[in-house]
Number of protein chains: 2
Amino acid sequence: MDEGRKTYLEAKSRVLKALGHPTRLLIAEELGRGERCVCEFVEMAGVDYSTVSRHLNVLKQAGLVEDEKRGKQVFYRLRVPCVLSFMECLEQVIRTGAEERMKMIGQDQ
Amino acid sequence: MDEGRKTYLEAKSRVLKALGHPTRLLIAEELGRGERCVCEFVEMAGVDYSTVSRHLNVLKQAGLVEDEKRGKQVFYRLRVPCVLSFMECLEQVIRTGAEERMKMIGQDQ
DNA sequence: CTATTATTTGGTTATTATGCCAAATATACC
DNA sequence: GGTATATTTGGCATAATAACCAAATAATAG
């Protein structure tokens with residue numbers, strides 16, 4: 001495999017990995033509806049401020065969100081809205097997987 | 001947050017997480033062109049058979065691939081091709097991130 | 001049945017991720 | 001300046017990942 005492809009795979013998988021956590025995916029989905037401050041995620045996700053702050057940093061490092069400080073609060077925004085278009089496909093993966101499991105049960109074994 | 005959404009976020013993030021590794025993303029991209037046997041990934045990715053096998057299992061558990069044994073070999077296939085449609089968006093995330101970094105350099109700071 | 005090839009699994013180790021608490025920082029308000 | 005609020009960072013404990021080697025399993029060929 002050439003070096004260029006390797007680097008590219010690393011960059012792309014880094015973005016996917018950033019979205020590959022329930023709390024971070026929740027954050028991304030919420031940001032799809034508009035900007036939010038950190039405190040809103042703390043409430044929604046039910047985890048510590050410090051934890052949310054670190055999740056937001058992972059998303060930021062991956063290039064998915066940007067932040068802006070206004071007054072005492074920091075507001076986050078989705079930087080590349082197309083990531084929300086993944087959802088439909090993810091649902092399909094999950095649905096297909098569930099059907100498969102049903103079939104497995106149907107066939108004894 | 002209601003229990004249903006939580007479960008759903010977990011399921012969706014599990015799929016993204018499965019794709020969030022360079023070797024597994026390579027595998028997914030290759031499978032986009034057609035079925036492949038394990039040995040092909042071993043060669044392409046330059047890692048151990050055991051490592052590839054475990055990566056394939058992660059993809060399988062996530063519902064992304066299916067396998068079929070034929071003779072001595074095991075062939076893997078993409079089960080839900082839409083995941084390849086992520087790539088364009090991922091590239092956009094990376095590109096936008098790179099531009100941003102260029103701007104940061106432009107502005108002293 | 002034995003040897004060979006392809007793949008998976010068990011076991012170990014090193015690295016990374018996650019979450020909390022406490023402390024540091026930044027901003028606004030009085 | 002002093003206090004309160006919002007967020008980030010340092011430190012730590014625990015859990016999850018990733019890679020390798022060696023051994024187990026499965027299938028074919030001889």
# chains A, B, ... in the order shown; residues from 1 in each chain; ligands from 1
>>> interface_residues(of="chain C", to="chain B", cutoff="12 Å", atoms="only C-alpha atoms (C1' of nucleotides)", output="JSON, numbers by chain")
{"C": [4, 5, 6, 7, 8, 9, 10]}
>>> closest_atom_pairs(of="chain C", to="region 8-17 of chain D", cutoff="8 Å", atoms="only C-alpha atoms (C1' of nucleotides)", output="CSV")
residue,atom,partner,partner_atom,distance
C:DT16,C1',D:DT17,C1',7.3
C:DA17,C1',D:DA16,C1',7.3
C:DT18,C1',D:DA15,C1',7.9
C:DA24,C1',D:DT9,C1',7.2
C:DT25,C1',D:DT8,C1',7.5
>>> select_by_dssp(residues="chain B", states="helix (DSSP H, G or I)", output="PyMOL selection string")
chain B and resi 3-19+22-31+38-45+49-61+81-106
>>> interface_residues(of="chain D", to="chain A", cutoff="8 Å", atoms="only C-alpha atoms (C1' of nucleotides)", output="list in words")
DT5, DA6, DT7 and DT8 of chain D
>>> interface_residues(of="chain B", to="chain A", cutoff="10 Å", atoms="only C-alpha atoms", output="count of residues only")
57
>>> select_by_dssp(residues="chain A", states="strand (DSSP E or B)", output="ChimeraX atom specification")
/A:36-37,65-70,73-78
